[in-house]
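Everything below belongs to my_file_7.cif, which stores mmCIF, C-alpha atoms and all ligand atoms.
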data_start
loop_
_atom_site.group_PDB
_atom_site.id
_atom_site.type_symbol
_atom_site.label_atom_id
_atom_site.label_comp_id
_atom_site.auth_asym_id
_atom_site.auth_seq_id
_atom_site.Cartn_x
_atom_site.Cartn_y
_atom_site.Cartn_z
ATOM 1 C CA MET A 1 15.999 0.221 -23.517
ATOM 2 C CA GLY A 2 17.787 0.804 -20.217
ATOM 3 C CA ASP A 3 17.517 -1.213 -17.008
ATOM 4 C CA ARG A 4 16.353 1.718 -14.917
ATOM 5 C CA PRO A 5 12.637 2.557 -14.713
ATOM 6 C CA VAL A 6 11.642 5.901 -16.269
ATOM 7 C CA ILE A 7 9.476 8.597 -14.723
ATOM 8 C CA ILE A 8 7.950 11.702 -16.300
ATOM 9 C CA VAL A 9 7.268 14.565 -13.861
ATOM 10 C CA THR A 10 5.448 17.609 -15.223
ATOM 11 C CA GLY A 11 6.354 20.982 -13.697
ATOM 12 C CA ALA A 12 9.553 19.562 -12.260
ATOM 13 C CA GLY A 13 11.928 22.499 -12.607
ATOM 14 C CA ARG A 14 11.136 23.875 -9.161
ATOM 15 C CA GLY A 15 9.169 23.126 -6.005
ATOM 16 C CA ILE A 16 7.380 19.842 -5.341
ATOM 17 C CA GLY A 17 7.972 18.520 -8.875
ATOM 18 C CA ALA A 18 11.724 19.051 -8.557
ATOM 19 C CA ALA A 19 11.757 17.233 -5.201
ATOM 20 C CA ILE A 20 9.837 14.321 -6.767
ATOM 21 C CA ALA A 21 12.294 14.147 -9.695
ATOM 22 C CA ILE A 22 15.293 14.154 -7.342
ATOM 23 C CA LYS A 23 13.839 11.551 -4.937
ATOM 24 C CA ALA A 24 12.908 9.377 -7.939
ATOM 25 C CA ALA A 25 16.476 9.652 -9.267
ATOM 26 C CA GLU A 26 17.788 8.608 -5.847
ATOM 27 C CA ALA A 27 15.334 5.663 -5.879
ATOM 28 C CA GLY A 28 16.749 4.412 -9.212
ATOM 29 C CA TYR A 29 14.616 6.081 -11.900
ATOM 30 C CA ASP A 30 15.783 7.891 -15.005
ATOM 31 C CA VAL A 31 13.896 11.162 -15.136
ATOM 32 C CA VAL A 32 12.061 13.408 -17.589
ATOM 33 C CA ILE A 33 11.867 16.935 -16.152
ATOM 34 C CA ASN A 34 9.193 19.087 -17.786
ATOM 35 C CA TYR A 35 9.047 22.819 -17.111
ATOM 36 C CA ALA A 36 7.292 25.931 -18.468
ATOM 37 C CA GLY A 37 9.880 28.697 -18.768
ATOM 38 C CA ASN A 38 12.552 28.620 -16.065
ATOM 39 C CA ALA A 39 15.284 26.700 -17.910
ATOM 40 C CA GLU A 40 17.902 27.492 -15.262
ATOM 41 C CA ALA A 41 15.877 25.848 -12.456
ATOM 42 C CA ALA A 42 15.199 22.788 -14.642
ATOM 43 C CA LYS A 43 18.916 22.521 -15.474
ATOM 44 C CA GLN A 44 19.791 22.567 -11.771
ATOM 45 C CA THR A 45 17.192 19.898 -10.967
ATOM 46 C CA SER A 46 18.531 17.793 -13.835
ATOM 47 C CA ALA A 47 22.112 18.153 -12.563
ATOM 48 C CA THR A 48 21.028 17.009 -9.075
ATOM 49 C CA CYS A 49 19.281 13.964 -10.593
ATOM 50 C CA GLU A 50 22.407 13.114 -12.602
ATOM 51 C CA ALA A 51 24.578 13.464 -9.499
ATOM 52 C CA ALA A 52 22.320 10.805 -7.932
ATOM 53 C CA GLY A 53 23.208 8.439 -10.797
ATOM 54 C CA ALA A 54 20.189 8.982 -13.063
ATOM 55 C CA LYS A 55 19.945 9.907 -16.720
ATOM 56 C CA ALA A 56 17.845 13.048 -16.874
ATOM 57 C CA ILE A 57 16.397 15.161 -19.679
ATOM 58 C CA THR A 58 14.657 18.524 -19.464
ATOM 59 C CA VAL A 59 11.712 19.352 -21.754
ATOM 60 C CA GLN A 60 10.237 22.833 -22.058
ATOM 61 C CA ALA A 61 6.522 22.500 -22.887
ATOM 62 C CA ASP A 62 3.157 23.911 -21.801
ATOM 63 C CA VAL A 63 1.316 20.788 -20.611
ATOM 64 C CA ALA A 64 -2.021 22.623 -20.487
ATOM 65 C CA LYS A 65 -2.192 21.770 -24.204
ATOM 66 C CA GLN A 66 -2.134 18.422 -26.020
ATOM 67 C CA GLU A 67 0.710 19.704 -28.239
ATOM 68 C CA GLY A 68 2.872 20.349 -25.178
ATOM 69 C CA VAL A 69 1.971 17.015 -23.585
ATOM 70 C CA GLU A 70 2.949 15.226 -26.822
ATOM 71 C CA THR A 71 6.266 17.106 -26.874
ATOM 72 C CA VAL A 72 7.081 15.774 -23.397
ATOM 73 C CA PHE A 73 6.129 12.159 -24.124
ATOM 74 C CA LYS A 74 7.884 12.125 -27.533
ATOM 75 C CA ALA A 75 11.088 13.426 -25.940
ATOM 76 C CA SER A 76 10.798 10.723 -23.285
ATOM 77 C CA ASP A 77 10.125 7.983 -25.877
ATOM 78 C CA GLU A 78 13.176 9.046 -27.901
ATOM 79 C CA ALA A 79 15.513 9.334 -24.914
ATOM 80 C CA PHE A 80 14.461 6.220 -22.984
ATOM 81 C CA GLY A 81 12.079 3.973 -24.982
ATOM 82 C CA ARG A 82 10.196 2.854 -21.882
ATOM 83 C CA LEU A 83 7.869 4.380 -19.300
ATOM 84 C CA ASP A 84 7.118 3.282 -15.738
ATOM 85 C CA ALA A 85 5.623 6.254 -13.916
ATOM 86 C CA VAL A 86 3.980 9.614 -14.563
ATOM 87 C CA VAL A 87 3.389 12.403 -12.053
ATOM 88 C CA THR A 88 0.877 15.080 -13.127
ATOM 89 C CA ASN A 89 2.415 17.759 -10.934
ATOM 90 C CA ALA A 90 2.349 20.971 -13.031
ATOM 91 C CA GLY A 91 -0.190 23.291 -11.464
ATOM 92 C CA ILE A 92 -0.928 26.961 -10.812
ATOM 93 C CA THR A 93 -3.271 28.813 -8.456
ATOM 94 C CA GLY A 94 -3.758 32.101 -10.261
ATOM 95 C CA VAL A 95 -3.753 35.338 -8.269
ATOM 96 C CA SER A 96 -5.509 35.193 -4.889
ATOM 97 C CA SER A 97 -8.888 37.000 -4.708
ATOM 98 C CA LYS A 98 -12.609 36.456 -4.272
ATOM 99 C CA LEU A 99 -14.182 34.701 -7.268
ATOM 100 C CA VAL A 100 -16.196 37.809 -8.221
ATOM 101 C CA ASP A 101 -12.978 39.819 -8.567
ATOM 102 C CA ALA A 102 -10.983 37.171 -10.453
ATOM 103 C CA ASP A 103 -9.965 37.613 -14.093
ATOM 104 C CA PRO A 104 -11.996 35.141 -16.208
ATOM 105 C CA GLU A 105 -9.017 34.419 -18.486
ATOM 106 C CA MET A 106 -6.882 33.569 -15.460
ATOM 107 C CA ILE A 107 -9.562 31.140 -14.246
ATOM 108 C CA GLU A 108 -9.497 29.488 -17.681
ATOM 109 C CA ARG A 109 -5.698 29.153 -17.549
ATOM 110 C CA VAL A 110 -5.858 27.461 -14.125
ATOM 111 C CA ILE A 111 -8.521 24.987 -15.260
ATOM 112 C CA ASP A 112 -6.681 24.346 -18.563
ATOM 113 C CA LEU A 113 -3.468 23.361 -16.775
ATOM 114 C CA ASN A 114 -4.730 21.795 -13.529
ATOM 115 C CA VAL A 115 -7.635 19.821 -15.015
ATOM 116 C CA THR A 116 -7.239 19.448 -18.792
ATOM 117 C CA GLY A 117 -3.444 19.182 -18.550
ATOM 118 C CA ALA A 118 -3.648 16.459 -15.884
ATOM 119 C CA LEU A 119 -6.204 14.505 -17.941
ATOM 120 C CA LEU A 120 -4.127 14.754 -21.129
ATOM 121 C CA THR A 121 -0.901 13.816 -19.314
ATOM 122 C CA ALA A 122 -2.509 10.827 -17.583
ATOM 123 C CA ARG A 123 -3.986 9.785 -20.946
ATOM 124 C CA GLU A 124 -0.607 9.720 -22.711
ATOM 125 C CA GLY A 125 0.932 7.863 -19.763
ATOM 126 C CA ALA A 126 -1.844 5.261 -19.718
ATOM 127 C CA ALA A 127 -1.507 4.646 -23.458
ATOM 128 C CA ARG A 128 2.157 3.704 -23.001
ATOM 129 C CA MET A 129 1.914 1.689 -19.770
ATOM 130 C CA MET A 130 -1.310 -0.370 -20.272
ATOM 131 C CA THR A 131 -0.527 -4.073 -20.526
ATOM 132 C CA SER A 132 -3.222 -4.545 -23.199
ATOM 133 C CA ARG A 133 -1.326 -2.057 -25.381
ATOM 134 C CA GLY A 134 2.106 -3.577 -24.961
ATOM 135 C CA GLY A 135 3.141 -1.696 -21.819
ATOM 136 C CA LYS A 136 4.445 -3.229 -18.606
ATOM 137 C CA GLY A 137 2.087 -1.445 -16.204
ATOM 138 C CA GLY A 138 3.254 1.305 -13.876
ATOM 139 C CA ASN A 139 2.075 4.193 -11.764
ATOM 140 C CA ILE A 140 0.282 7.497 -12.180
ATOM 141 C CA VAL A 141 0.341 9.939 -9.275
ATOM 142 C CA ASN A 142 -1.676 13.164 -9.429
ATOM 143 C CA LEU A 143 -1.249 16.309 -7.309
ATOM 144 C CA SER A 144 -4.427 17.138 -5.433
ATOM 145 C CA SER A 145 -4.562 19.696 -2.595
ATOM 146 C CA ALA A 146 -5.900 20.455 0.879
ATOM 147 C CA SER A 147 -7.974 23.115 -0.890
ATOM 148 C CA VAL A 148 -10.396 20.290 -1.791
ATOM 149 C CA TRP A 149 -11.612 20.038 1.807
ATOM 150 C CA ILE A 150 -11.147 23.748 2.602
ATOM 151 C CA GLY A 151 -12.634 25.228 -0.597
ATOM 152 C CA SER A 152 -10.154 28.157 -0.427
ATOM 153 C CA PRO A 153 -12.767 30.934 0.043
ATOM 154 C CA ASN A 154 -11.462 34.482 -0.604
ATOM 155 C CA ASP A 155 -8.249 32.972 -1.996
ATOM 156 C CA PHE A 156 -8.844 30.803 -5.069
ATOM 157 C CA VAL A 157 -12.124 28.912 -5.192
ATOM 158 C CA TRP A 158 -11.379 28.113 -8.882
ATOM 159 C CA TYR A 159 -8.136 26.385 -7.866
ATOM 160 C CA ALA A 160 -9.907 24.301 -5.185
ATOM 161 C CA THR A 161 -12.471 23.402 -7.862
ATOM 162 C CA SER A 162 -9.689 22.254 -10.196
ATOM 163 C CA LYS A 163 -8.160 20.049 -7.481
ATOM 164 C CA GLY A 164 -11.562 18.498 -6.714
ATOM 165 C CA SER A 165 -11.427 17.256 -10.311
ATOM 166 C CA ILE A 166 -8.060 15.643 -9.580
ATOM 167 C CA ASP A 167 -9.649 13.475 -6.880
ATOM 168 C CA VAL A 168 -12.352 12.364 -9.325
ATOM 169 C CA LEU A 169 -9.752 11.692 -12.034
ATOM 170 C CA THR A 170 -7.783 9.591 -9.545
ATOM 171 C CA LEU A 171 -10.824 7.523 -8.545
ATOM 172 C CA GLY A 172 -12.174 6.946 -12.052
ATOM 173 C CA LEU A 173 -8.864 6.270 -13.743
ATOM 174 C CA SER A 174 -7.698 3.929 -10.963
ATOM 175 C CA ARG A 175 -10.716 1.720 -11.646
ATOM 176 C CA GLU A 176 -10.319 1.984 -15.415
ATOM 177 C CA LEU A 177 -6.650 0.927 -15.252
ATOM 178 C CA ALA A 178 -6.676 -1.541 -12.325
ATOM 179 C CA GLY A 179 -6.724 -4.484 -14.761
ATOM 180 C CA GLU A 180 -3.941 -2.925 -16.854
ATOM 181 C CA GLY A 181 -1.159 -3.120 -14.275
ATOM 182 C CA ILE A 182 -1.364 0.598 -13.529
ATOM 183 C CA ARG A 183 -2.071 2.029 -10.077
ATOM 184 C CA VAL A 184 -3.430 5.577 -9.957
ATOM 185 C CA ASN A 185 -3.168 7.585 -6.741
ATOM 186 C CA ALA A 186 -2.903 11.196 -5.609
ATOM 187 C CA VAL A 187 -1.247 13.165 -2.858
ATOM 188 C CA ALA A 188 -3.040 16.137 -1.299
ATOM 189 C CA PRO A 189 -0.438 18.529 0.102
ATOM 190 C CA GLY A 190 -1.396 21.150 2.663
ATOM 191 C CA LEU A 191 0.616 24.331 3.084
ATOM 192 C CA ILE A 192 3.975 23.561 1.449
ATOM 193 C CA ASP A 193 6.906 25.963 1.303
ATOM 194 C CA THR A 194 7.417 26.598 -2.430
ATOM 195 C CA GLU A 195 7.314 29.623 -4.727
ATOM 196 C CA ILE A 196 3.652 28.934 -5.659
ATOM 197 C CA HIS A 197 2.476 31.308 -2.887
ATOM 198 C CA ALA A 198 4.570 34.229 -4.185
ATOM 199 C CA SER A 199 3.212 33.486 -7.673
ATOM 200 C CA ALA A 200 -0.303 33.766 -6.180
ATOM 201 C CA GLY A 201 0.563 37.267 -4.907
ATOM 202 C CA ILE A 202 0.892 36.203 -1.243
ATOM 203 C CA PRO A 203 4.658 35.825 -0.593
ATOM 204 C CA ASP A 204 4.160 35.977 3.210
ATOM 205 C CA ARG A 205 1.632 33.111 3.231
ATOM 206 C CA ILE A 206 3.986 30.530 4.793
ATOM 207 C CA ALA A 207 5.169 32.960 7.503
ATOM 208 C CA ARG A 208 1.577 34.012 8.237
ATOM 209 C CA LEU A 209 -0.145 30.612 8.226
ATOM 210 C CA GLY A 210 2.589 28.080 9.043
ATOM 211 C CA SER A 211 2.002 28.117 12.809
ATOM 212 C CA SER A 212 -1.779 27.632 12.352
ATOM 213 C CA VAL A 213 -1.218 24.164 10.863
ATOM 214 C CA PRO A 214 -1.891 21.582 13.643
ATOM 215 C CA ILE A 215 1.657 20.191 13.307
ATOM 216 C CA GLY A 216 2.943 23.762 13.833
ATOM 217 C CA ARG A 217 4.674 24.520 10.532
ATOM 218 C CA ALA A 218 4.417 24.426 6.755
ATOM 219 C CA GLY A 219 5.559 21.246 5.014
ATOM 220 C CA THR A 220 8.479 20.824 2.639
ATOM 221 C CA ALA A 221 8.509 19.747 -0.991
ATOM 222 C CA GLU A 222 10.621 16.759 0.089
ATOM 223 C CA GLU A 223 7.928 15.583 2.519
ATOM 224 C CA VAL A 224 5.403 15.572 -0.340
ATOM 225 C CA ALA A 225 7.883 13.804 -2.638
ATOM 226 C CA ASP A 226 8.380 11.036 -0.050
ATOM 227 C CA ALA A 227 4.630 10.339 -0.158
ATOM 228 C CA VAL A 228 4.675 10.213 -3.969
ATOM 229 C CA LEU A 229 7.608 7.772 -3.936
ATOM 230 C CA TYR A 230 5.758 5.594 -1.413
ATOM 231 C CA LEU A 231 2.641 5.455 -3.627
ATOM 232 C CA MET A 232 4.780 4.331 -6.599
ATOM 233 C CA SER A 233 6.679 1.741 -4.569
ATOM 234 C CA GLU A 234 6.153 -2.001 -4.135
ATOM 235 C CA GLN A 235 5.188 -1.244 -0.507
ATOM 236 C CA ALA A 236 2.003 0.305 -1.949
ATOM 237 C CA SER A 237 1.232 -2.615 -4.293
ATOM 238 C CA TYR A 238 -2.400 -2.866 -3.063
ATOM 239 C CA VAL A 239 -2.993 0.909 -2.960
ATOM 240 C CA THR A 240 -4.922 2.435 -5.841
ATOM 241 C CA GLY A 241 -7.576 5.148 -6.142
ATOM 242 C CA THR A 242 -6.302 6.739 -2.917
ATOM 243 C CA VAL A 243 -5.745 10.401 -2.127
ATOM 244 C CA LEU A 244 -3.024 10.561 0.525
ATOM 245 C CA LYS A 245 -3.165 13.723 2.671
ATOM 246 C CA VAL A 246 0.253 15.255 3.372
ATOM 247 C CA ALA A 247 -1.049 18.247 5.251
ATOM 248 C CA GLY A 248 0.272 18.298 8.812
ATOM 249 C CA GLY A 249 -3.155 17.632 10.315
ATOM 250 C CA ARG A 250 -5.050 20.236 8.310
HETATM 251 P P1 LIG B 301 5.715 25.886 -8.019
HETATM 252 O O1 LIG B 301 6.765 25.951 -6.976
HETATM 253 O O2 LIG B 301 5.014 27.139 -8.444
HETATM 254 O O3 LIG B 301 6.326 25.135 -9.300
HETATM 255 C C1 LIG B 301 5.500 24.934 -10.400
HETATM 256 C C2 LIG B 301 6.231 24.147 -11.466
HETATM 257 O O4 LIG B 301 5.287 23.894 -12.529
HETATM 258 C C3 LIG B 301 7.396 24.899 -12.078
HETATM 259 O O5 LIG B 301 8.422 23.989 -12.392
HETATM 260 C C4 LIG B 301 6.793 25.479 -13.372
HETATM 261 O O6 LIG B 301 7.738 25.638 -14.430
HETATM 262 C C5 LIG B 301 5.815 24.381 -13.760
HETATM 263 N N1 LIG B 301 4.726 24.852 -14.623
HETATM 264 C C6 LIG B 301 3.893 25.901 -14.421
HETATM 265 N N2 LIG B 301 3.038 26.012 -15.462
HETATM 266 C C7 LIG B 301 3.338 25.006 -16.326
HETATM 267 C C8 LIG B 301 2.838 24.601 -17.597
HETATM 268 N N3 LIG B 301 1.814 25.251 -18.188
HETATM 269 N N4 LIG B 301 3.412 23.524 -18.210
HETATM 270 C C9 LIG B 301 4.455 22.883 -17.634
HETATM 271 N N5 LIG B 301 4.977 23.217 -16.437
HETATM 272 C C10 LIG B 301 4.419 24.265 -15.798
HETATM 273 O O7 LIG B 301 4.513 24.900 -7.549
HETATM 274 P P2 LIG B 301 4.496 23.784 -6.360
HETATM 275 O O8 LIG B 301 4.125 24.465 -5.101
HETATM 276 O O9 LIG B 301 5.696 22.940 -6.445
HETATM 277 O O10 LIG B 301 3.213 22.940 -6.808
HETATM 278 C C11 LIG B 301 3.300 21.709 -7.511
HETATM 279 C C12 LIG B 301 1.936 21.027 -7.483
HETATM 280 O O11 LIG B 301 1.543 20.813 -6.124
HETATM 281 C C13 LIG B 301 0.819 21.850 -8.126
HETATM 282 O O12 LIG B 301 -0.075 20.996 -8.811
HETATM 283 C C14 LIG B 301 0.133 22.487 -6.933
HETATM 284 O O13 LIG B 301 -1.199 22.810 -7.205
HETATM 285 C C15 LIG B 301 0.261 21.358 -5.914
HETATM 286 N N6 LIG B 301 0.117 21.827 -4.524
HETATM 287 C C16 LIG B 301 1.006 22.705 -3.966
HETATM 288 C C17 LIG B 301 0.821 23.134 -2.663
HETATM 289 C C18 LIG B 301 1.748 24.115 -1.988
HETATM 290 O O14 LIG B 301 1.412 24.602 -0.885
HETATM 291 N N7 LIG B 301 2.898 24.427 -2.549
HETATM 292 C C19 LIG B 301 -0.272 22.667 -1.921
HETATM 293 C C20 LIG B 301 -1.153 21.781 -2.502
HETATM 294 C C21 LIG B 301 -0.953 21.353 -3.804
HETATM 295 P P3 LIG B 301 8.820 26.877 -14.426
HETATM 296 O O15 LIG B 301 9.789 26.557 -13.316
HETATM 297 O O16 LIG B 301 9.427 26.788 -15.767
HETATM 298 O O17 LIG B 301 8.033 28.117 -14.170
#
In C-alpha cells, how does this file's structure come out?
Ligand code: NAP
Amino acid sequence: MGDRPVIIVTGAGRGIGAAIAIKAAEAGYDVVINYAGNAEAAKQTSATCEAAGAKAITVQADVAKQEGVETVFKASDEAFGRLDAVVTNAGITGVSSKLVDADPEMIERVIDLNVTGALLTAREGAARMMTSRGGKGGNIVNLSSASVWIGSPNDFVWYATSKGSIDVLTLGLSRELAGEGIRVNAVAPGLIDTEIHASAGIPDRIARLGSSVPIGRAGTAEEVADAVLYLMSEQASYVTGTVLKVAGGR
C-alpha cells in the first residue's frame, strides 16, 4: 500500500472529470481514471496526472451497470490496495428536446448512468472506506447540476430529474456514513464549457448562453474541480451533506 491517498473518478477522460483527476494528482492523490470509450482522451489525462507526480491508471467501463462499476473498483484495488475518495462524475444529458419528443430508451440510459450508476459507485466506495468494515474513512463527492433549480424545460427535464436524485443521494448517504468517517457532498455546476453540450446536440450553447450567466461567462472544468478538491480537503472537515453551487450566480 502506497503513502499517497487514492481517488477514483468516474467519467474522467474528458471535461470536469479530467480536471478533477488532474487537480487531485496535483494535490497528492494517485488516480483511477474511468472512461466510456475515448481511450485517447483518458490516456492524455493519465499522462498529465503522471507528470504531476501521481500514479494513474485508466479503466474503460460503463458505470451505468454494476459489472462496469465492479471492473473499476477491482482495477483500483489491484493497482493501489487502498481507497480514500470517490467522485461519481460520469453523466450524460441525452439529446435536447421537450419531454414529449424524447426517445424513451435515451431517457432510460440517462437515468441508468446518472442515478443508478452514481448509487452503485457510491455503494462500492462506501463498502471500502467505512471504518466499521476495515476502511479508514474518506470522501464521496457527487456531481449535481444547476438543472435541479432550473428544471431544464424544453432541454432535458429527464436530466434535471436525474440530478435531483443526486441531491437526495448526497443528503441520505451523508447521514448514513457520518459515523463511518466518510463525508458525502456534491457540487452543482452551472453552465460549464465542456463537450457535454455538443453531445446534447447544442454545440453553440456556451456561446449563446454564457453572457446570460450573472457572472458574465460560462465556467471552466477547473473551477468545478477546485470546489470538489475543497470538499475533500481537511478545510472542509465539518462539511457533509452539502450541495455546493458552482454556477456563477445562476
Ligand atoms: P463530458 O465532457 O461529456 O465528459 C463526460 C465523461 O464521462 C467522459 O469522460 C465520458 O467518457 C464519460 N462517460 C460517459 N458515459 C459514461 C459511462 N456510461 N461510463 C463511464 N464513463 C462515461 O461531461 P462533463 O461536462 O465533464 O460532465 C461531467 C459531470 O458534470 C456530469 O455528471 C454532468 O452531468 C455534470 N455537469 C456538467 C455541467 C456542464 O455544463 N458541463 C453542468 C452541470 C453538471 P469518454 O470520454 O470515454 O466518452
**Report entry** Reference answer for the PyMOL selection byres (((not hetatm)) within 7 of (chain B and resi 301)), as an MDAnalysis selection string
**Finding:** chainID A and resid 10:17 34:39 41:42 61:64 89:93 113:114 143:146 188:197 199 221
Requested in this report: Would you list the contacts of Ala75 in chain A as a list in words, taking every protein, DNA or RNA residue within 10 Å and counting only C-alpha atoms, but skipping same-chain residues closer than 5 positions in sequence?
Outcome: Val32, Ile57, Thr58, Val59, Glu70, Phe80 and Gly81 of chain A
Query raised in the report: Between A:Arg123, A:Ala85, A:Gly248, A:Ala102, which has the minimum distance to Ile215 in chain A (counting all atoms listed in the file)?
Result: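 Counting all atoms listed in the file, the residue closest to Ile215 in chain A is A:Gly248.
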**Report entry** Residue among A:Thr161, A:Val213, A:Thr240, A:Ala52 lying closest to Glu176 in chain A, counting all atoms listed in the file
**Finding:**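 When distances to Glu176 in chain A are compared using all atoms listed in the file, the smallest one comes from A:Thr240.
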Report task. Determine the nearest neighbour of Asp167 in chain A from the options A:Ala27, A:Ala225, A:Ile107, A:Leu244, counting only C-alpha atoms. Result ->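 With only C-alpha atoms as the atom set, the closest residue is A:Leu244.
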